[in-house]
Amino acid sequence: MPEKTTADFWFDPLCPWAWLTSRWMIEVEKVREVRVRWHVMSLAVLNEDKLDDLPEKYRELMKTAWGPARVCIAAEQEHGPEVLGGLYAALGTRFHNQALEKDRATVEAALEEVGLPAALADAADSDKYDTQLRASHAEGIDLVGQEVGTPVIAVPGAAGERIAFFGPVVTPAPKGEAAARLWDGTLMVASTPGFYEIKRTRDEPPRFD
C-alpha cells in the first residue's frame with residue numbers, strides 16, 4: 001500500500017466554513033491515501049488587532065471565539081493531539097449541524113461524548129493555555145500569511161517543500177468522487193509556483209447536508 005500523505009489542518013471550531021472543509025477532508029481520507037492531522041487556530045487571535053475595523057456583530061463573535069478554541073488546545077495539551085479530531089467533530093456537529101448554543105453545556109456534552117473530562121470546559125474562560133494556542137495558530141497562519149482565515153491546510157510537496165493554502169471554501173462538503181476531484185484540483189493549483197488565488201462571491205450560506 002502507498003504511504004499516506006499527511007494533511008495538516010488548522011481549524012477554529014466556531015467557523016462554519018472551516019467545518020464544511022473539515023468534513024470534506026474526512027471524505028478525502030476515504031478516497032485518497034491521505035490522513036488528516038488536526039491543529040487549533042483562532043479567529044480571535046487572528047482578529048485581535050483588527051477589532052476596531054470589524055462590524056459590531058463580528059466583534060461580538062470574536063469574544064465567543066476564544067472559548068471553544070481554548071478548550072480544544074487544553075484538550076490537546078492535557079490528553080495529546082490525537083483527541084483533537086474527535087473533539088472537533090463533536091463540537092462542530094453541535095455548533096453547526098445542530099445549531100446548539102455555543103455555551104458551557106454544549107461544550108461539556110461534546111467533551112463527554114469523546115471521553116474527555118467535562119472540567120476541560122473551564123479552559124474557555126482561562127488564559128492558561130493561550131501561549132500554546134497562539135503558537136499553534138502561528139504555526140498554521142505563518143504558512144499562508146495574515147490575509148486569510150480558517151482553515152489552513154498544509155501538505156508535503158514533491159520536492160520536500162511544504163505546500164499550504166487557505167480553504168477551499170465550499171458548500172456543501174463534497175463526497176465520494178467529487179471530494180477526490182476537489183482534492184486533486186486543489187493540490188494542482190496550490191503546488192503551482194506563483195499561484196495565489198481563485199475566488200468568486202459566495203451567493204449561498206453554509207449547508208450542512
# chains A, B, ... in the order shown; residues from 1 in each chain; ligands from 1
>>> select_by_dssp(residues="range 64-187 of chain A", states="helix (DSSP H, G or I)", output="PDB file with C-alpha atoms, in the first residue's frame")
ATOM      1  CA  THR A  64     -17.281  33.980  21.746  1.00  0.00           C
ATOM      2  CA  ALA A  65     -14.482  32.512  19.630  1.00  0.00           C
ATOM      3  CA  TRP A  66     -11.949  32.403  22.469  1.00  0.00           C
ATOM      4  CA  GLY A  67     -13.767  29.732  24.478  1.00  0.00           C
ATOM      5  CA  PRO A  68     -14.035  26.749  22.085  1.00  0.00           C
ATOM      6  CA  ALA A  69     -10.504  27.242  20.744  1.00  0.00           C
ATOM      7  CA  ARG A  70      -9.145  27.369  24.291  1.00  0.00           C
ATOM      8  CA  VAL A  71     -10.981  24.183  25.194  1.00  0.00           C
ATOM      9  CA  CYS A  72      -9.524  22.411  22.154  1.00  0.00           C
ATOM     10  CA  ILE A  73      -5.963  23.477  22.919  1.00  0.00           C
ATOM     11  CA  ALA A  74      -6.415  22.486  26.562  1.00  0.00           C
ATOM     12  CA  ALA A  75      -7.583  19.030  25.467  1.00  0.00           C
ATOM     13  CA  GLU A  76      -4.572  18.714  23.176  1.00  0.00           C
ATOM     14  CA  GLN A  77      -2.159  19.764  25.906  1.00  0.00           C
ATOM     15  CA  GLU A  78      -3.664  17.539  28.580  1.00  0.00           C
ATOM     16  CA  HIS A  79      -4.585  14.460  26.519  1.00  0.00           C
ATOM     17  CA  PRO A  81      -3.086  15.776  19.786  1.00  0.00           C
ATOM     18  CA  GLU A  82      -4.862  12.555  18.842  1.00  0.00           C
ATOM     19  CA  VAL A  83      -8.004  13.723  20.705  1.00  0.00           C
ATOM     20  CA  LEU A  84      -8.491  16.796  18.526  1.00  0.00           C
ATOM     21  CA  GLY A  85     -10.217  15.140  15.587  1.00  0.00           C
ATOM     22  CA  GLY A  86     -12.924  13.563  17.706  1.00  0.00           C
ATOM     23  CA  LEU A  87     -13.441  16.640  19.845  1.00  0.00           C
ATOM     24  CA  TYR A  88     -13.683  18.887  16.803  1.00  0.00           C
ATOM     25  CA  ALA A  89     -16.261  16.535  15.289  1.00  0.00           C
ATOM     26  CA  ALA A  90     -18.322  16.559  18.485  1.00  0.00           C
ATOM     27  CA  LEU A  91     -18.170  20.333  18.832  1.00  0.00           C
ATOM     28  CA  GLY A  92     -18.726  21.049  15.154  1.00  0.00           C
ATOM     29  CA  THR A  93     -21.756  18.792  14.907  1.00  0.00           C
ATOM     30  CA  ARG A  94     -23.346  20.602  17.844  1.00  0.00           C
ATOM     31  CA  PHE A  95     -22.370  24.130  16.803  1.00  0.00           C
ATOM     32  CA  HIS A  96     -23.139  23.850  13.103  1.00  0.00           C
ATOM     33  CA  ASN A  97     -25.346  20.892  12.178  1.00  0.00           C
ATOM     34  CA  ARG A 104     -20.625  25.539  28.533  1.00  0.00           C
ATOM     35  CA  ALA A 105     -23.365  22.922  28.441  1.00  0.00           C
ATOM     36  CA  THR A 106     -22.781  22.257  24.752  1.00  0.00           C
ATOM     37  CA  VAL A 107     -19.020  22.118  25.215  1.00  0.00           C
ATOM     38  CA  GLU A 108     -19.337  19.728  28.173  1.00  0.00           C
ATOM     39  CA  ALA A 109     -21.614  17.429  26.167  1.00  0.00           C
ATOM     40  CA  ALA A 110     -19.050  17.314  23.353  1.00  0.00           C
ATOM     41  CA  LEU A 111     -16.242  16.547  25.787  1.00  0.00           C
ATOM     42  CA  GLU A 112     -18.221  13.771  27.421  1.00  0.00           C
ATOM     43  CA  GLU A 113     -19.116  12.250  24.037  1.00  0.00           C
ATOM     44  CA  ALA A 118     -16.080  17.871  31.329  1.00  0.00           C
ATOM     45  CA  ALA A 119     -13.813  20.000  33.520  1.00  0.00           C
ATOM     46  CA  LEU A 120     -11.836  20.904  30.404  1.00  0.00           C
ATOM     47  CA  ALA A 121     -14.663  23.363  29.735  1.00  0.00           C
ATOM     48  CA  ASP A 122     -13.078  25.540  32.448  1.00  0.00           C
ATOM     49  CA  ALA A 123     -10.390  26.434  29.894  1.00  0.00           C
ATOM     50  CA  ALA A 124     -12.916  28.508  27.928  1.00  0.00           C
ATOM     51  CA  ASP A 125     -12.637  31.316  30.474  1.00  0.00           C
ATOM     52  CA  ASP A 130      -3.113  30.878  25.495  1.00  0.00           C
ATOM     53  CA  THR A 131       0.632  30.637  24.866  1.00  0.00           C
ATOM     54  CA  GLN A 132       0.125  27.198  23.301  1.00  0.00           C
ATOM     55  CA  LEU A 133      -2.952  28.410  21.407  1.00  0.00           C
ATOM     56  CA  ARG A 134      -1.015  31.313  19.932  1.00  0.00           C
ATOM     57  CA  ALA A 135       1.862  29.020  18.989  1.00  0.00           C
ATOM     58  CA  SER A 136      -0.451  26.548  17.246  1.00  0.00           C
ATOM     59  CA  HIS A 137      -2.216  29.392  15.470  1.00  0.00           C
ATOM     60  CA  ALA A 138       1.074  30.946  14.369  1.00  0.00           C
ATOM     61  CA  GLU A 139       2.351  27.643  13.002  1.00  0.00           C
ATOM     62  CA  GLY A 140      -0.573  27.486  10.590  1.00  0.00           C
ATOM     63  CA  ILE A 141      -1.103  31.125   9.717  1.00  0.00           C
ATOM     64  CA  GLY A 176     -17.065  10.469  -2.826  1.00  0.00           C
ATOM     65  CA  GLU A 177     -15.526  11.103  -6.218  1.00  0.00           C
ATOM     66  CA  ALA A 178     -16.461  14.792  -6.048  1.00  0.00           C
ATOM     67  CA  ALA A 179     -14.342  15.075  -2.898  1.00  0.00           C
ATOM     68  CA  ALA A 180     -11.455  13.345  -4.686  1.00  0.00           C
ATOM     69  CA  ARG A 181     -11.663  15.665  -7.696  1.00  0.00           C
ATOM     70  CA  LEU A 182     -11.631  18.754  -5.500  1.00  0.00           C
ATOM     71  CA  TRP A 183      -8.625  17.423  -3.583  1.00  0.00           C
ATOM     72  CA  ASP A 184      -6.700  16.669  -6.758  1.00  0.00           C
ATOM     73  CA  GLY A 185      -7.504  20.046  -8.250  1.00  0.00           C
ATOM     74  CA  THR A 186      -6.676  21.944  -5.089  1.00  0.00           C
ATOM     75  CA  LEU A 187      -3.269  20.284  -4.867  1.00  0.00           C
TER      76      LEU A 187
END
>>> residues_around(residues="range 2-15 of chain A", least_positions_apart="4", cutoff="7 Å", atoms="only C-alpha atoms", output="VMD selection string")
chain A and resid 19 33 to 43 65 68 to 69 88 91 to 92 140 150 to 155
>>> residues_around(residues="Arg207 in chain A", least_positions_apart="2", cutoff="8 Å", atoms="only C-alpha atoms", output="PyMOL selection string")
chain A and resi 171-172+205+209
>>> write_last_selection(atoms="all heavy atoms", output="PDB file, in the first residue's frame")
ATOM      1  N   THR A 171     -19.531  24.679  -0.201  1.00  0.00           N
ATOM      2  CA  THR A 171     -20.744  24.200   0.446  1.00  0.00           C
ATOM      3  C   THR A 171     -21.662  23.555  -0.589  1.00  0.00           C
ATOM      4  O   THR A 171     -21.765  24.060  -1.710  1.00  0.00           O
ATOM      5  CB  THR A 171     -21.499  25.346   1.159  1.00  0.00           C
ATOM      6  OG1 THR A 171     -22.583  24.807   1.915  1.00  0.00           O
ATOM      7  CG2 THR A 171     -22.060  26.390   0.212  1.00  0.00           C
ATOM      8  N   PRO A 172     -22.281  22.422  -0.260  1.00  0.00           N
ATOM      9  CA  PRO A 172     -21.999  21.597   0.908  1.00  0.00           C
ATOM     10  C   PRO A 172     -20.671  20.871   0.732  1.00  0.00           C
ATOM     11  O   PRO A 172     -20.024  20.980  -0.314  1.00  0.00           O
ATOM     12  CB  PRO A 172     -23.179  20.608   0.915  1.00  0.00           C
ATOM     13  CG  PRO A 172     -23.546  20.481  -0.537  1.00  0.00           C
ATOM     14  CD  PRO A 172     -23.320  21.850  -1.129  1.00  0.00           C
ATOM     15  N   PRO A 205     -25.463  30.462   1.848  1.00  0.00           N
ATOM     16  CA  PRO A 205     -24.888  30.222   3.174  1.00  0.00           C
ATOM     17  C   PRO A 205     -24.359  28.806   3.292  1.00  0.00           C
ATOM     18  O   PRO A 205     -24.591  27.964   2.397  1.00  0.00           O
ATOM     19  CB  PRO A 205     -26.101  30.430   4.111  1.00  0.00           C
ATOM     20  CG  PRO A 205     -27.271  30.030   3.272  1.00  0.00           C
ATOM     21  CD  PRO A 205     -26.936  30.471   1.866  1.00  0.00           C
ATOM     22  N   ASP A 209     -25.316  19.418   4.910  1.00  0.00           N
ATOM     23  CA  ASP A 209     -26.096  18.246   4.476  1.00  0.00           C
ATOM     24  C   ASP A 209     -25.555  16.975   5.126  1.00  0.00           C
ATOM     25  O   ASP A 209     -24.370  16.867   5.366  1.00  0.00           O
ATOM     26  CB  ASP A 209     -26.010  18.117   2.957  1.00  0.00           C
ATOM     27  CG  ASP A 209     -26.702  19.300   2.275  1.00  0.00           C
ATOM     28  OD1 ASP A 209     -27.307  20.132   2.972  1.00  0.00           O
ATOM     29  OD2 ASP A 209     -26.606  19.388   1.035  1.00  0.00           O
TER      30      ASP A 209
END
>>> select_by_dssp(residues="range 28-193 of chain A", states="strand (DSSP E or B)", output="PyMOL selection string")
chain A and resi 34-40+152-156+162-166
>>> write_last_selection(atoms="C-alpha atoms", output="PDB file, in the first residue's frame")
ATOM      1  CA  VAL A  34      -4.425  10.909   2.926  1.00  0.00           C
ATOM      2  CA  ARG A  35      -4.598  11.192   6.683  1.00  0.00           C
ATOM      3  CA  VAL A  36      -5.568  14.405   8.437  1.00  0.00           C
ATOM      4  CA  ARG A  37      -3.590  15.711  11.398  1.00  0.00           C
ATOM      5  CA  TRP A  38      -5.608  18.292  13.320  1.00  0.00           C
ATOM      6  CA  HIS A  39      -4.372  21.565  14.831  1.00  0.00           C
ATOM      7  CA  VAL A  40      -6.071  24.514  16.505  1.00  0.00           C
ATOM      8  CA  VAL A 152      -5.354  26.304   6.717  1.00  0.00           C
ATOM      9  CA  ILE A 153      -4.158  23.050   5.131  1.00  0.00           C
ATOM     10  CA  ALA A 154      -0.525  22.054   4.572  1.00  0.00           C
ATOM     11  CA  VAL A 155       0.851  19.031   2.718  1.00  0.00           C
ATOM     12  CA  PRO A 156       4.356  17.976   1.689  1.00  0.00           C
ATOM     13  CA  ARG A 162       5.586  22.441   2.324  1.00  0.00           C
ATOM     14  CA  ILE A 163       2.533  23.442   0.274  1.00  0.00           C
ATOM     15  CA  ALA A 164      -0.013  25.374   2.317  1.00  0.00           C
ATOM     16  CA  PHE A 165      -3.241  27.155   1.487  1.00  0.00           C
ATOM     17  CA  PHE A 166      -6.386  28.628   2.984  1.00  0.00           C
TER      18      PHE A 166
END
>>> atom_distance(atom1="CA of Met188 in chain A", atom2="CA of Gly167 in chain A")
14.1 Å
>>> closest_residue(among="A:Lys57, A:Arg202, A:Lys128, A:Lys175", to="Glu27 in chain A", atoms="only C-alpha atoms")
A:Lys175
>>> residues_around(residues="range 47-49 of chain A", least_positions_apart="3", cutoff="10 Å", atoms="only C-alpha atoms", output="mmCIF file with N, CA, C and O atoms, in the first residue's frame")
data_model
loop_
_atom_site.group_PDB
_atom_site.id
_atom_site.type_symbol
_atom_site.label_atom_id
_atom_site.label_comp_id
_atom_site.auth_asym_id
_atom_site.auth_seq_id
_atom_site.Cartn_x
_atom_site.Cartn_y
_atom_site.Cartn_z
ATOM 1 N N SER A 42 -7.057 30.189 15.762
ATOM 2 C CA SER A 42 -8.025 31.010 16.483
ATOM 3 C C SER A 42 -8.377 32.273 15.704
ATOM 4 O O SER A 42 -7.509 33.115 15.447
ATOM 5 N N LEU A 43 -9.644 32.411 15.363
ATOM 6 C CA LEU A 43 -10.116 33.650 14.742
ATOM 7 C C LEU A 43 -9.992 34.828 15.706
ATOM 8 O O LEU A 43 -9.779 35.968 15.283
ATOM 9 N N ALA A 44 -10.119 34.549 17.006
ATOM 10 C CA ALA A 44 -9.968 35.620 17.999
ATOM 11 C C ALA A 44 -8.548 36.163 17.993
ATOM 12 O O ALA A 44 -8.328 37.382 18.051
ATOM 13 N N ASP A 52 -11.280 47.142 15.923
ATOM 14 C CA ASP A 52 -11.877 48.454 15.666
ATOM 15 C C ASP A 52 -12.386 48.583 14.238
ATOM 16 O O ASP A 52 -13.240 49.432 13.958
ATOM 17 N N ASP A 53 -11.879 47.757 13.352
ATOM 18 C CA ASP A 53 -12.277 47.828 11.944
ATOM 19 C C ASP A 53 -13.376 46.829 11.590
ATOM 20 O O ASP A 53 -13.839 46.803 10.439
ATOM 21 N N LEU A 54 -13.800 46.017 12.555
ATOM 22 C CA LEU A 54 -14.780 44.972 12.284
ATOM 23 C C LEU A 54 -16.184 45.461 12.612
ATOM 24 O O LEU A 54 -16.371 46.291 13.521
ATOM 25 N N TYR A 58 -19.523 41.109 14.300
ATOM 26 C CA TYR A 58 -18.345 40.241 14.206
ATOM 27 C C TYR A 58 -17.452 40.420 15.428
ATOM 28 O O TYR A 58 -16.821 39.463 15.881
ATOM 29 N N ARG A 59 -17.387 41.633 15.983
ATOM 30 C CA ARG A 59 -16.617 41.842 17.216
ATOM 31 C C ARG A 59 -17.178 40.994 18.347
ATOM 32 O O ARG A 59 -16.429 40.405 19.136
ATOM 33 N N MET A 62 -16.129 37.430 17.950
ATOM 34 C CA MET A 62 -14.740 37.183 18.334
ATOM 35 C C MET A 62 -14.599 36.960 19.832
ATOM 36 O O MET A 62 -13.729 36.208 20.278
ATOM 37 N N LYS A 63 -15.466 37.575 20.629
ATOM 38 C CA LYS A 63 -15.456 37.303 22.062
ATOM 39 C C LYS A 63 -15.846 35.851 22.334
ATOM 40 O O LYS A 63 -15.259 35.174 23.179
ATOM 41 N N GLN A 146 -1.250 36.610 6.815
ATOM 42 C CA GLN A 146 -2.277 37.131 7.717
ATOM 43 C C GLN A 146 -3.578 37.511 7.025
ATOM 44 O O GLN A 146 -4.540 37.875 7.690
ATOM 45 N N GLY A 149 -8.118 33.263 6.640
ATOM 46 C CA GLY A 149 -8.751 32.839 7.882
ATOM 47 C C GLY A 149 -8.550 31.364 8.102
ATOM 48 O O GLY A 149 -7.483 30.814 7.853
#
>>> decode(residues="range 20-144 of chain A", atoms="C-alpha atoms", output="mmCIF file, in the first residue's frame")
data_model
loop_
_atom_site.group_PDB
_atom_site.id
_atom_site.type_symbol
_atom_site.label_atom_id
_atom_site.label_comp_id
_atom_site.auth_asym_id
_atom_site.auth_seq_id
_atom_site.Cartn_x
_atom_site.Cartn_y
_atom_site.Cartn_z
ATOM 1 C CA LEU A 20 -17.507 22.179 5.946
ATOM 2 C CA THR A 21 -13.919 21.932 4.687
ATOM 3 C CA SER A 22 -13.086 19.554 7.522
ATOM 4 C CA ARG A 23 -15.981 17.272 6.603
ATOM 5 C CA TRP A 24 -14.712 17.293 3.018
ATOM 6 C CA MET A 25 -11.309 16.212 4.325
ATOM 7 C CA ILE A 26 -12.939 13.299 6.141
ATOM 8 C CA GLU A 27 -14.274 12.248 2.730
ATOM 9 C CA VAL A 28 -10.841 12.743 1.151
ATOM 10 C CA GLU A 29 -9.401 10.284 3.666
ATOM 11 C CA LYS A 30 -11.774 7.659 2.247
ATOM 12 C CA VAL A 31 -10.917 8.176 -1.420
ATOM 13 C CA ARG A 32 -7.248 9.185 -1.396
ATOM 14 C CA GLU A 33 -4.173 7.993 0.514
ATOM 15 C CA VAL A 34 -4.425 10.909 2.926
ATOM 16 C CA ARG A 35 -4.598 11.192 6.683
ATOM 17 C CA VAL A 36 -5.568 14.405 8.437
ATOM 18 C CA ARG A 37 -3.590 15.711 11.398
ATOM 19 C CA TRP A 38 -5.608 18.292 13.320
ATOM 20 C CA HIS A 39 -4.372 21.565 14.831
ATOM 21 C CA VAL A 40 -6.071 24.514 16.505
ATOM 22 C CA MET A 41 -6.044 28.065 15.209
ATOM 23 C CA SER A 42 -8.025 31.010 16.483
ATOM 24 C CA LEU A 43 -10.116 33.650 14.742
ATOM 25 C CA ALA A 44 -9.968 35.620 17.999
ATOM 26 C CA VAL A 45 -6.168 35.711 17.819
ATOM 27 C CA LEU A 46 -6.225 36.469 14.085
ATOM 28 C CA ASN A 47 -8.526 39.454 14.555
ATOM 29 C CA GLU A 48 -7.471 40.811 17.949
ATOM 30 C CA ASP A 49 -5.571 43.741 16.386
ATOM 31 C CA LYS A 50 -8.350 44.474 13.889
ATOM 32 C CA LEU A 51 -11.367 44.713 16.195
ATOM 33 C CA ASP A 52 -11.877 48.454 15.666
ATOM 34 C CA ASP A 53 -12.277 47.828 11.944
ATOM 35 C CA LEU A 54 -14.780 44.972 12.284
ATOM 36 C CA PRO A 55 -18.592 45.265 12.293
ATOM 37 C CA GLU A 56 -20.078 45.152 15.794
ATOM 38 C CA LYS A 57 -21.703 41.754 15.172
ATOM 39 C CA TYR A 58 -18.345 40.241 14.206
ATOM 40 C CA ARG A 59 -16.617 41.842 17.216
ATOM 41 C CA GLU A 60 -19.113 40.080 19.475
ATOM 42 C CA LEU A 61 -18.470 36.807 17.661
ATOM 43 C CA MET A 62 -14.740 37.183 18.334
ATOM 44 C CA LYS A 63 -15.456 37.303 22.062
ATOM 45 C CA THR A 64 -17.281 33.980 21.746
ATOM 46 C CA ALA A 65 -14.482 32.512 19.630
ATOM 47 C CA TRP A 66 -11.949 32.403 22.469
ATOM 48 C CA GLY A 67 -13.767 29.732 24.478
ATOM 49 C CA PRO A 68 -14.035 26.749 22.085
ATOM 50 C CA ALA A 69 -10.504 27.242 20.744
ATOM 51 C CA ARG A 70 -9.145 27.369 24.291
ATOM 52 C CA VAL A 71 -10.981 24.183 25.194
ATOM 53 C CA CYS A 72 -9.524 22.411 22.154
ATOM 54 C CA ILE A 73 -5.963 23.477 22.919
ATOM 55 C CA ALA A 74 -6.415 22.486 26.562
ATOM 56 C CA ALA A 75 -7.583 19.030 25.467
ATOM 57 C CA GLU A 76 -4.572 18.714 23.176
ATOM 58 C CA GLN A 77 -2.159 19.764 25.906
ATOM 59 C CA GLU A 78 -3.664 17.539 28.580
ATOM 60 C CA HIS A 79 -4.585 14.460 26.519
ATOM 61 C CA GLY A 80 -2.496 14.579 23.348
ATOM 62 C CA PRO A 81 -3.086 15.776 19.786
ATOM 63 C CA GLU A 82 -4.862 12.555 18.842
ATOM 64 C CA VAL A 83 -8.004 13.723 20.705
ATOM 65 C CA LEU A 84 -8.491 16.796 18.526
ATOM 66 C CA GLY A 85 -10.217 15.140 15.587
ATOM 67 C CA GLY A 86 -12.924 13.563 17.706
ATOM 68 C CA LEU A 87 -13.441 16.640 19.845
ATOM 69 C CA TYR A 88 -13.683 18.887 16.803
ATOM 70 C CA ALA A 89 -16.261 16.535 15.289
ATOM 71 C CA ALA A 90 -18.322 16.559 18.485
ATOM 72 C CA LEU A 91 -18.170 20.333 18.832
ATOM 73 C CA GLY A 92 -18.726 21.049 15.154
ATOM 74 C CA THR A 93 -21.756 18.792 14.907
ATOM 75 C CA ARG A 94 -23.346 20.602 17.844
ATOM 76 C CA PHE A 95 -22.370 24.130 16.803
ATOM 77 C CA HIS A 96 -23.139 23.850 13.103
ATOM 78 C CA ASN A 97 -25.346 20.892 12.178
ATOM 79 C CA GLN A 98 -27.484 21.110 15.304
ATOM 80 C CA ALA A 99 -27.178 24.889 15.794
ATOM 81 C CA LEU A 100 -26.871 24.495 19.571
ATOM 82 C CA GLU A 101 -25.785 27.330 21.816
ATOM 83 C CA LYS A 102 -22.028 27.797 21.998
ATOM 84 C CA ASP A 103 -22.132 27.641 25.758
ATOM 85 C CA ARG A 104 -20.625 25.539 28.533
ATOM 86 C CA ALA A 105 -23.365 22.922 28.441
ATOM 87 C CA THR A 106 -22.781 22.257 24.752
ATOM 88 C CA VAL A 107 -19.020 22.118 25.215
ATOM 89 C CA GLU A 108 -19.337 19.728 28.173
ATOM 90 C CA ALA A 109 -21.614 17.429 26.167
ATOM 91 C CA ALA A 110 -19.050 17.314 23.353
ATOM 92 C CA LEU A 111 -16.242 16.547 25.787
ATOM 93 C CA GLU A 112 -18.221 13.771 27.421
ATOM 94 C CA GLU A 113 -19.116 12.250 24.037
ATOM 95 C CA VAL A 114 -15.442 11.688 23.239
ATOM 96 C CA GLY A 115 -14.480 10.531 26.720
ATOM 97 C CA LEU A 116 -12.737 13.699 27.861
ATOM 98 C CA PRO A 117 -13.278 15.321 31.281
ATOM 99 C CA ALA A 118 -16.080 17.871 31.329
ATOM 100 C CA ALA A 119 -13.813 20.000 33.520
ATOM 101 C CA LEU A 120 -11.836 20.904 30.404
ATOM 102 C CA ALA A 121 -14.663 23.363 29.735
ATOM 103 C CA ASP A 122 -13.078 25.540 32.448
ATOM 104 C CA ALA A 123 -10.390 26.434 29.894
ATOM 105 C CA ALA A 124 -12.916 28.508 27.928
ATOM 106 C CA ASP A 125 -12.637 31.316 30.474
ATOM 107 C CA SER A 126 -8.946 30.926 31.257
ATOM 108 C CA ASP A 127 -5.764 32.129 29.595
ATOM 109 C CA LYS A 128 -3.802 29.168 30.988
ATOM 110 C CA TYR A 129 -3.152 27.676 27.545
ATOM 111 C CA ASP A 130 -3.113 30.878 25.495
ATOM 112 C CA THR A 131 0.632 30.637 24.866
ATOM 113 C CA GLN A 132 0.125 27.198 23.301
ATOM 114 C CA LEU A 133 -2.952 28.410 21.407
ATOM 115 C CA ARG A 134 -1.015 31.313 19.932
ATOM 116 C CA ALA A 135 1.862 29.020 18.989
ATOM 117 C CA SER A 136 -0.451 26.548 17.246
ATOM 118 C CA HIS A 137 -2.216 29.392 15.470
ATOM 119 C CA ALA A 138 1.074 30.946 14.369
ATOM 120 C CA GLU A 139 2.351 27.643 13.002
ATOM 121 C CA GLY A 140 -0.573 27.486 10.590
ATOM 122 C CA ILE A 141 -1.103 31.125 9.717
ATOM 123 C CA ASP A 142 2.595 31.779 9.130
ATOM 124 C CA LEU A 143 2.441 29.295 6.262
ATOM 125 C CA VAL A 144 -0.112 31.348 4.358
#
